[in-house]
Structure formats: structure tokens, C-alpha cells
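Participant: What follows is upload-v3.pdb, PDB, C-alpha atoms, pLDDT in the B column.
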```
ATOM      1  CA  GLN A   1      58.156 146.718   0.729  1.00 89.00           C
ATOM      2  CA  VAL A   2      60.001 144.337   3.019  1.00 97.00           C
ATOM      3  CA  GLN A   3      58.865 143.150   6.418  1.00 96.00           C
ATOM      4  CA  LEU A   4      60.426 140.908   9.038  1.00 98.00           C
ATOM      5  CA  ALA A   5      58.383 138.721  11.352  1.00 96.00           C
ATOM      6  CA  GLU A   6      59.783 137.095  14.491  1.00 97.00           C
ATOM      7  CA  SER A   7      58.352 134.058  16.223  1.00 97.00           C
ATOM      8  CA  GLY A   8      59.129 131.495  18.905  1.00 97.00           C
ATOM      9  CA  GLY A   9      59.722 133.627  21.978  1.00 94.00           C
ATOM     10  CA  GLY A  10      58.222 133.060  25.392  1.00 97.00           C
ATOM     11  CA  LEU A  11      58.932 131.863  28.907  1.00 98.00           C
ATOM     12  CA  VAL A  12      61.534 129.191  29.609  1.00 98.00           C
ATOM     13  CA  GLN A  13      63.140 127.882  32.778  1.00 98.00           C
ATOM     14  CA  PRO A  14      66.839 128.406  33.521  1.00 98.00           C
ATOM     15  CA  GLY A  15      68.873 125.751  31.775  1.00 98.00           C
ATOM     16  CA  GLY A  16      66.229 125.320  29.109  1.00 98.00           C
ATOM     17  CA  SER A  17      66.274 125.872  25.383  1.00 98.00           C
ATOM     18  CA  LEU A  18      64.342 127.989  22.932  1.00 98.00           C
ATOM     19  CA  ARG A  19      64.546 128.733  19.225  1.00 98.00           C
ATOM     20  CA  ILE A  20      63.449 132.019  17.734  1.00 98.00           C
ATOM     21  CA  THR A  21      62.891 132.618  14.046  1.00 98.00           C
ATOM     22  CA  CYS A  22      62.828 135.672  11.812  1.00 98.00           C
ATOM     23  CA  THR A  23      61.350 135.536   8.325  1.00 98.00           C
ATOM     24  CA  ALA A  24      61.527 138.224   5.675  1.00 98.00           C
ATOM     25  CA  SER A  25      58.780 138.813   3.134  1.00 97.00           C
ATOM     26  CA  GLY A  26      58.154 141.269   0.350  1.00 97.00           C
ATOM     27  CA  THR A  27      60.116 142.299  -2.712  1.00 96.00           C
ATOM     28  CA  ILE A  28      63.540 140.747  -2.194  1.00 96.00           C
ATOM     29  CA  PHE A  29      66.299 140.838  -4.797  1.00 96.00           C
ATOM     30  CA  SER A  30      69.369 140.277  -2.644  1.00 96.00           C
ATOM     31  CA  VAL A  31      70.047 139.137   0.903  1.00 97.00           C
ATOM     32  CA  GLY A  32      73.218 139.705   2.874  1.00 98.00           C
ATOM     33  CA  ALA A  33      74.124 139.278   6.507  1.00 98.00           C
ATOM     34  CA  MET A  34      71.544 138.351   9.113  1.00 98.00           C
ATOM     35  CA  GLY A  35      71.649 138.519  12.871  1.00 98.00           C
ATOM     36  CA  TRP A  36      70.167 139.092  16.252  1.00 98.00           C
ATOM     37  CA  TYR A  37      70.448 141.856  18.817  1.00 98.00           C
ATOM     38  CA  ARG A  38      68.853 141.983  22.226  1.00 98.00           C
ATOM     39  CA  GLN A  39      67.896 144.597  24.762  1.00 98.00           C
ATOM     40  CA  ARG A  40      67.887 143.500  28.366  1.00 96.00           C
ATOM     41  CA  PRO A  41      65.875 145.421  30.978  1.00 92.00           C
ATOM     42  CA  GLY A  42      67.561 148.735  31.714  1.00 93.00           C
ATOM     43  CA  LYS A  43      70.310 148.118  29.155  1.00 95.00           C
ATOM     44  CA  GLY A  44      71.119 149.236  25.642  1.00 96.00           C
ATOM     45  CA  ARG A  45      70.768 147.070  22.559  1.00 96.00           C
ATOM     46  CA  GLU A  46      73.649 144.621  22.106  1.00 97.00           C
ATOM     47  CA  LEU A  47      74.719 142.296  19.327  1.00 98.00           C
ATOM     48  CA  VAL A  48      74.110 138.638  20.125  1.00 98.00           C
ATOM     49  CA  ALA A  49      74.991 136.768  16.959  1.00 98.00           C
ATOM     50  CA  GLU A  50      75.228 137.269  13.248  1.00 98.00           C
ATOM     51  CA  ILE A  51      75.831 135.185  10.175  1.00 98.00           C
ATOM     52  CA  THR A  52      77.309 136.329   6.881  1.00 98.00           C
ATOM     53  CA  SER A  53      75.844 135.646   3.463  1.00 96.00           C
ATOM     54  CA  ARG A  54      78.381 132.832   3.181  1.00 96.00           C
ATOM     55  CA  GLY A  55      77.151 131.258   6.394  1.00 96.00           C
ATOM     56  CA  ASN A  56      79.976 132.274   8.722  1.00 98.00           C
ATOM     57  CA  PRO A  57      78.641 132.888  12.227  1.00 98.00           C
ATOM     58  CA  SER A  58      79.959 135.049  15.034  1.00 98.00           C
ATOM     59  CA  TYR A  59      78.812 135.473  18.621  1.00 98.00           C
ATOM     60  CA  SER A  60      79.125 137.777  21.571  1.00 98.00           C
ATOM     61  CA  ASP A  61      81.223 136.389  24.405  1.00 98.00           C
ATOM     62  CA  SER A  62      78.176 136.201  26.650  1.00 97.00           C
ATOM     63  CA  VAL A  63      76.432 133.621  24.453  1.00 98.00           C
ATOM     64  CA  LYS A  64      79.323 131.824  22.772  1.00 98.00           C
ATOM     65  CA  GLY A  65      79.019 128.090  23.210  1.00 98.00           C
ATOM     66  CA  ARG A  66      75.349 128.307  24.201  1.00 98.00           C
ATOM     67  CA  PHE A  67      73.641 129.963  21.233  1.00 98.00           C
ATOM     68  CA  ARG A  68      73.702 128.986  17.580  1.00 98.00           C
ATOM     69  CA  VAL A  69      72.705 131.218  14.664  1.00 98.00           C
ATOM     70  CA  SER A  70      71.752 129.717  11.320  1.00 98.00           C
ATOM     71  CA  ARG A  71      69.996 130.761   8.138  1.00 98.00           C
ATOM     72  CA  ASP A  72      67.775 129.373   5.411  1.00 97.00           C
ATOM     73  CA  ASN A  73      68.476 131.292   2.238  1.00 96.00           C
ATOM     74  CA  ALA A  74      65.605 129.726   0.312  1.00 96.00           C
ATOM     75  CA  GLU A  75      63.111 130.971   2.912  1.00 96.00           C
ATOM     76  CA  ASN A  76      64.877 134.282   3.753  1.00 97.00           C
ATOM     77  CA  ARG A  77      64.950 133.182   7.342  1.00 98.00           C
ATOM     78  CA  VAL A  78      67.356 133.393  10.266  1.00 98.00           C
ATOM     79  CA  TYR A  79      67.230 131.296  13.413  1.00 98.00           C
ATOM     80  CA  LEU A  80      68.676 131.671  16.869  1.00 98.00           C
ATOM     81  CA  GLU A  81      68.869 128.482  18.877  1.00 98.00           C
ATOM     82  CA  MET A  82      69.422 129.261  22.551  1.00 98.00           C
ATOM     83  CA  ASN A  83      70.582 126.592  24.977  1.00 98.00           C
ATOM     84  CA  SER A  84      71.563 126.572  28.649  1.00 98.00           C
ATOM     85  CA  LEU A  85      69.537 129.714  29.096  1.00 98.00           C
ATOM     86  CA  LYS A  86      70.225 131.964  32.060  1.00 98.00           C
ATOM     87  CA  SER A  87      68.122 134.619  33.742  1.00 97.00           C
ATOM     88  CA  GLU A  88      70.438 137.244  32.275  1.00 96.00           C
ATOM     89  CA  ASP A  89      69.378 136.155  28.791  1.00 98.00           C
ATOM     90  CA  THR A  90      65.969 137.669  29.490  1.00 98.00           C
ATOM     91  CA  ALA A  91      65.503 140.372  26.885  1.00 98.00           C
ATOM     92  CA  VAL A  92      63.651 141.543  23.833  1.00 98.00           C
ATOM     93  CA  TYR A  93      65.387 139.986  20.848  1.00 98.00           C
ATOM     94  CA  TYR A  94      65.488 141.836  17.533  1.00 98.00           C
ATOM     95  CA  CYS A  95      66.449 140.306  14.219  1.00 98.00           C
ATOM     96  CA  TYR A  96      67.954 142.131  11.288  1.00 97.00           C
ATOM     97  CA  ILE A  97      68.472 141.083   7.685  1.00 98.00           C
ATOM     98  CA  ASN A  98      70.317 143.035   5.018  1.00 98.00           C
ATOM     99  CA  ILE A  99      67.990 143.066   2.031  1.00 97.00           C
ATOM    100  CA  ASN A 100      68.396 144.932  -1.235  1.00 96.00           C
ATOM    101  CA  GLY A 101      71.339 146.843   0.196  1.00 95.00           C
ATOM    102  CA  ARG A 102      69.906 148.014   3.493  1.00 97.00           C
ATOM    103  CA  ALA A 103      69.165 146.616   6.933  1.00 96.00           C
ATOM    104  CA  TYR A 104      65.626 145.746   7.940  1.00 98.00           C
ATOM    105  CA  TRP A 105      64.622 145.091  11.527  1.00 97.00           C
ATOM    106  CA  GLY A 106      62.003 143.015  13.234  1.00 97.00           C
ATOM    107  CA  LYS A 107      59.747 144.513  15.893  1.00 97.00           C
ATOM    108  CA  GLY A 108      61.279 142.416  18.654  1.00 97.00           C
ATOM    109  CA  ILE A 109      60.240 139.310  20.538  1.00 98.00           C
ATOM    110  CA  GLN A 110      60.290 138.741  24.272  1.00 98.00           C
ATOM    111  CA  VAL A 111      62.344 135.921  25.764  1.00 98.00           C
ATOM    112  CA  THR A 112      61.979 135.452  29.510  1.00 98.00           C
ATOM    113  CA  VAL A 113      64.132 133.019  31.469  1.00 98.00           C
ATOM    114  CA  SER A 114      62.635 132.400  34.882  1.00 97.00           C
ATOM    115  CA  SER A 115      61.602 129.604  37.190  1.00 95.00           C
TER     116      SER A 115
END
```
Could you spell out this file's structure in C-alpha cells?

Facilitator:
Amino acid sequence: QVQLAESGGGLVQPGGSLRITCTASGTIFSVGAMGWYRQRPGKGRELVAEITSRGNPSYSDSVKGRFRVSRDNAENRVYLEMNSLKSEDTAVYYCYININGRAYWGKGIQVTVSS
């Protein structure tokens, strides 16, 4: 059984920075792409950033230049470093990791950008 655990969310002021982390545990034979989605209040879930198994990142236009996705293959972990945060970045952030041929999801972590 595989589980993902997210950490690092919370309240941050506009213009601030925050890093969230997602770690996979369990019986893991292979790991593929990793990434982050978010769901803003009253909106559907949207892709924020993802990183391939080879380490190639991609970003949504709304976060490009402000967010950075990275991974630690030894720890089965994916990070999302968020800079120059805006109020519209307030959302529940969900990680996913492709493990053993299927996608696993975290439960979500709240990030609130407010003064």
C-alpha cells in the first residue's frame, strides 16, 4: 500500500514564500512523474506544476517564474517552492506521484495568502 503525506502549508503574507512537500511511503518499485494541483475557493482543480522522472519541470502560466517544482528520488519526495505569493494563490494544494504504474494523490494541504 502506498500513501502520500503533504506538509508545509499554512498562512503567508502577500509577497512571501512557502515550500510544501509531499512524501510517498509504502511498497514502491517504480516512480514516474510527480506534480501539484490546486483547488481555489469556488474553482475546479487545476494543474500547477509537474516534473518528469528525468527532472524536467513544467508550470501553469499563472505560476511560471514564481513557483519551482523539484524532486528527491532517493526520498520519493516532491517539493513546490512558492515565491512572490499572491492572494489568488490561496488554495488547497494536492500532490500526485506516479508509483508502480498508477497515480497516487495526497489528501491536500491548505495554503492561505493573506495580510

Participant: Which of these, A:Val69, A:Leu11, A:Leu47, A:Ile28, has the shortest distance to Leu85 (chain A) once you count all atoms listed in the file?

Facilitator: A:Leu11

Participant: Excluding Ala5 (chain A) and residues on its chain fewer than 2 positions from it, collect all residues at most 12 Å away from it, counting only C-alpha atoms, and give them as number ranges by chain.

Facilitator: A: 2-3, 7-9, 20-26, 76-79, 93-97, 104-109

Participant: I need the output of the PyMOL selection byres ((chain A and resi 45) around 12) for this file as number ranges by chain; which residues are they?

Facilitator: A: 36-44, 46-48, 91-95, 108

Participant: Mind giving me the straight-line distance from CA of Thr112 (chain A) to CA of Asn83 (chain A) in Å, one decimal?

Facilitator: 13.2 Å

Participant: Can you tell me how far CA of Pro57 (chain A) sits from CA of Val31 (chain A), in Å to one decimal?

Facilitator: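 Going from CA of Pro57 (chain A) over to CA of Val31 (chain A) covers 15.5 Å.
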
Participant: Can you measure CA of Leu18 (chain A) to CA of Val111 (chain A) for me? One decimal in Å is fine.

Facilitator: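 Atom-to-atom, CA of Leu18 (chain A) and CA of Val111 (chain A) are spaced 8.7 Å apart.
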
Participant: Could you pull region 39-51 of chain A out of the block above and save it with all heavy atoms, as a PDB file, in the first residue's frame?

Facilitator:
```
ATOM      1  N   GLN A  39      -6.818  23.619  -5.833  1.00  0.00           N
ATOM      2  CA  GLN A  39      -8.223  23.948  -5.982  1.00  0.00           C
ATOM      3  C   GLN A  39      -8.494  25.220  -5.187  1.00  0.00           C
ATOM      4  O   GLN A  39      -8.441  25.202  -3.948  1.00  0.00           O
ATOM      5  CB  GLN A  39      -9.121  22.818  -5.505  1.00  0.00           C
ATOM      6  CG  GLN A  39     -10.588  23.056  -5.799  1.00  0.00           C
ATOM      7  CD  GLN A  39     -11.413  21.788  -5.758  1.00  0.00           C
ATOM      8  OE1 GLN A  39     -10.957  20.759  -5.259  1.00  0.00           O
ATOM      9  NE2 GLN A  39     -12.607  21.836  -6.294  1.00  0.00           N
ATOM     10  N   ARG A  40      -8.723  26.285  -5.901  1.00  0.00           N
ATOM     11  CA  ARG A  40      -9.022  27.561  -5.274  1.00  0.00           C
ATOM     12  C   ARG A  40     -10.494  27.608  -4.889  1.00  0.00           C
ATOM     13  O   ARG A  40     -11.311  26.890  -5.461  1.00  0.00           O
ATOM     14  CB  ARG A  40      -8.654  28.710  -6.225  1.00  0.00           C
ATOM     15  CG  ARG A  40      -7.167  28.813  -6.474  1.00  0.00           C
ATOM     16  CD  ARG A  40      -6.798  29.999  -7.327  1.00  0.00           C
ATOM     17  NE  ARG A  40      -6.949  29.720  -8.743  1.00  0.00           N
ATOM     18  CZ  ARG A  40      -6.587  30.557  -9.699  1.00  0.00           C
ATOM     19  NH1 ARG A  40      -6.061  31.729  -9.383  1.00  0.00           N
ATOM     20  NH2 ARG A  40      -6.745  30.242 -10.966  1.00  0.00           N
ATOM     21  N   PRO A  41     -10.862  28.453  -3.942  1.00  0.00           N
ATOM     22  CA  PRO A  41     -12.257  28.526  -3.498  1.00  0.00           C
ATOM     23  C   PRO A  41     -13.209  28.769  -4.666  1.00  0.00           C
ATOM     24  O   PRO A  41     -13.028  29.712  -5.447  1.00  0.00           O
ATOM     25  CB  PRO A  41     -12.243  29.702  -2.528  1.00  0.00           C
ATOM     26  CG  PRO A  41     -10.855  29.764  -2.017  1.00  0.00           C
ATOM     27  CD  PRO A  41      -9.987  29.354  -3.170  1.00  0.00           C
ATOM     28  N   GLY A  42     -14.191  27.912  -4.804  1.00  0.00           N
ATOM     29  CA  GLY A  42     -15.197  28.062  -5.846  1.00  0.00           C
ATOM     30  C   GLY A  42     -14.747  27.675  -7.234  1.00  0.00           C
ATOM     31  O   GLY A  42     -15.474  27.897  -8.213  1.00  0.00           O
ATOM     32  N   LYS A  43     -13.540  27.090  -7.333  1.00  0.00           N
ATOM     33  CA  LYS A  43     -12.991  26.725  -8.644  1.00  0.00           C
ATOM     34  C   LYS A  43     -12.739  25.228  -8.721  1.00  0.00           C
ATOM     35  O   LYS A  43     -12.750  24.525  -7.713  1.00  0.00           O
ATOM     36  CB  LYS A  43     -11.656  27.465  -8.876  1.00  0.00           C
ATOM     37  CG  LYS A  43     -11.737  28.976  -8.759  1.00  0.00           C
ATOM     38  CD  LYS A  43     -12.408  29.589  -9.948  1.00  0.00           C
ATOM     39  CE  LYS A  43     -12.319  31.110  -9.893  1.00  0.00           C
ATOM     40  NZ  LYS A  43     -12.981  31.733 -11.077  1.00  0.00           N
ATOM     41  N   GLY A  44     -12.488  24.747  -9.932  1.00  0.00           N
ATOM     42  CA  GLY A  44     -12.128  23.358 -10.116  1.00  0.00           C
ATOM     43  C   GLY A  44     -10.643  23.135  -9.865  1.00  0.00           C
ATOM     44  O   GLY A  44      -9.878  24.080  -9.689  1.00  0.00           O
ATOM     45  N   ARG A  45     -10.252  21.883  -9.845  1.00  0.00           N
ATOM     46  CA  ARG A  45      -8.830  21.571  -9.614  1.00  0.00           C
ATOM     47  C   ARG A  45      -8.038  21.892 -10.876  1.00  0.00           C
ATOM     48  O   ARG A  45      -8.457  21.576 -11.991  1.00  0.00           O
ATOM     49  CB  ARG A  45      -8.692  20.091  -9.242  1.00  0.00           C
ATOM     50  CG  ARG A  45      -7.352  19.746  -8.652  1.00  0.00           C
ATOM     51  CD  ARG A  45      -7.304  18.299  -8.179  1.00  0.00           C
ATOM     52  NE  ARG A  45      -8.178  18.051  -7.026  1.00  0.00           N
ATOM     53  CZ  ARG A  45      -8.097  16.960  -6.283  1.00  0.00           C
ATOM     54  NH1 ARG A  45      -7.208  16.022  -6.557  1.00  0.00           N
ATOM     55  NH2 ARG A  45      -8.925  16.785  -5.280  1.00  0.00           N
ATOM     56  N   GLU A  46      -6.880  22.509 -10.699  1.00  0.00           N
ATOM     57  CA  GLU A  46      -6.043  22.907 -11.839  1.00  0.00           C
ATOM     58  C   GLU A  46      -4.603  22.461 -11.616  1.00  0.00           C
ATOM     59  O   GLU A  46      -4.110  22.454 -10.485  1.00  0.00           O
ATOM     60  CB  GLU A  46      -6.083  24.423 -12.037  1.00  0.00           C
ATOM     61  CG  GLU A  46      -5.585  25.215 -10.847  1.00  0.00           C
ATOM     62  CD  GLU A  46      -5.563  26.717 -11.088  1.00  0.00           C
ATOM     63  OE1 GLU A  46      -5.669  27.144 -12.259  1.00  0.00           O
ATOM     64  OE2 GLU A  46      -5.430  27.464 -10.108  1.00  0.00           O
ATOM     65  N   LEU A  47      -3.933  22.148 -12.699  1.00  0.00           N
ATOM     66  CA  LEU A  47      -2.529  21.768 -12.630  1.00  0.00           C
ATOM     67  C   LEU A  47      -1.684  22.999 -12.344  1.00  0.00           C
ATOM     68  O   LEU A  47      -1.846  24.043 -12.982  1.00  0.00           O
ATOM     69  CB  LEU A  47      -2.088  21.129 -13.945  1.00  0.00           C
ATOM     70  CG  LEU A  47      -0.621  20.746 -14.054  1.00  0.00           C
ATOM     71  CD1 LEU A  47      -0.261  19.666 -13.043  1.00  0.00           C
ATOM     72  CD2 LEU A  47      -0.309  20.286 -15.469  1.00  0.00           C
ATOM     73  N   VAL A  48      -0.775  22.872 -11.404  1.00  0.00           N
ATOM     74  CA  VAL A  48       0.139  23.956 -11.052  1.00  0.00           C
ATOM     75  C   VAL A  48       1.523  23.714 -11.643  1.00  0.00           C
ATOM     76  O   VAL A  48       2.079  24.560 -12.333  1.00  0.00           O
ATOM     77  CB  VAL A  48       0.247  24.100  -9.524  1.00  0.00           C
ATOM     78  CG1 VAL A  48       1.277  25.164  -9.156  1.00  0.00           C
ATOM     79  CG2 VAL A  48      -1.103  24.425  -8.917  1.00  0.00           C
ATOM     80  N   ALA A  49       2.067  22.553 -11.364  1.00  0.00           N
ATOM     81  CA  ALA A  49       3.418  22.237 -11.818  1.00  0.00           C
ATOM     82  C   ALA A  49       3.609  20.732 -11.777  1.00  0.00           C
ATOM     83  O   ALA A  49       2.984  20.043 -10.969  1.00  0.00           O
ATOM     84  CB  ALA A  49       4.459  22.913 -10.932  1.00  0.00           C
ATOM     85  N   GLU A  50       4.472  20.253 -12.647  1.00  0.00           N
ATOM     86  CA  GLU A  50       4.817  18.847 -12.612  1.00  0.00           C
ATOM     87  C   GLU A  50       6.254  18.679 -13.055  1.00  0.00           C
ATOM     88  O   GLU A  50       6.851  19.567 -13.667  1.00  0.00           O
ATOM     89  CB  GLU A  50       3.859  18.013 -13.455  1.00  0.00           C
ATOM     90  CG  GLU A  50       3.716  18.425 -14.892  1.00  0.00           C
ATOM     91  CD  GLU A  50       2.587  17.651 -15.574  1.00  0.00           C
ATOM     92  OE1 GLU A  50       2.002  16.748 -14.962  1.00  0.00           O
ATOM     93  OE2 GLU A  50       2.295  17.968 -16.741  1.00  0.00           O
ATOM     94  N   ILE A  51       6.803  17.526 -12.718  1.00  0.00           N
ATOM     95  CA  ILE A  51       8.191  17.243 -13.047  1.00  0.00           C
ATOM     96  C   ILE A  51       8.279  15.785 -13.484  1.00  0.00           C
ATOM     97  O   ILE A  51       7.749  14.889 -12.817  1.00  0.00           O
ATOM     98  CB  ILE A  51       9.111  17.570 -11.848  1.00  0.00           C
ATOM     99  CG1 ILE A  51      10.574  17.385 -12.213  1.00  0.00           C
ATOM    100  CG2 ILE A  51       8.724  16.789 -10.598  1.00  0.00           C
ATOM    101  CD1 ILE A  51      11.529  18.017 -11.210  1.00  0.00           C
TER     102      ILE A  51
END
```
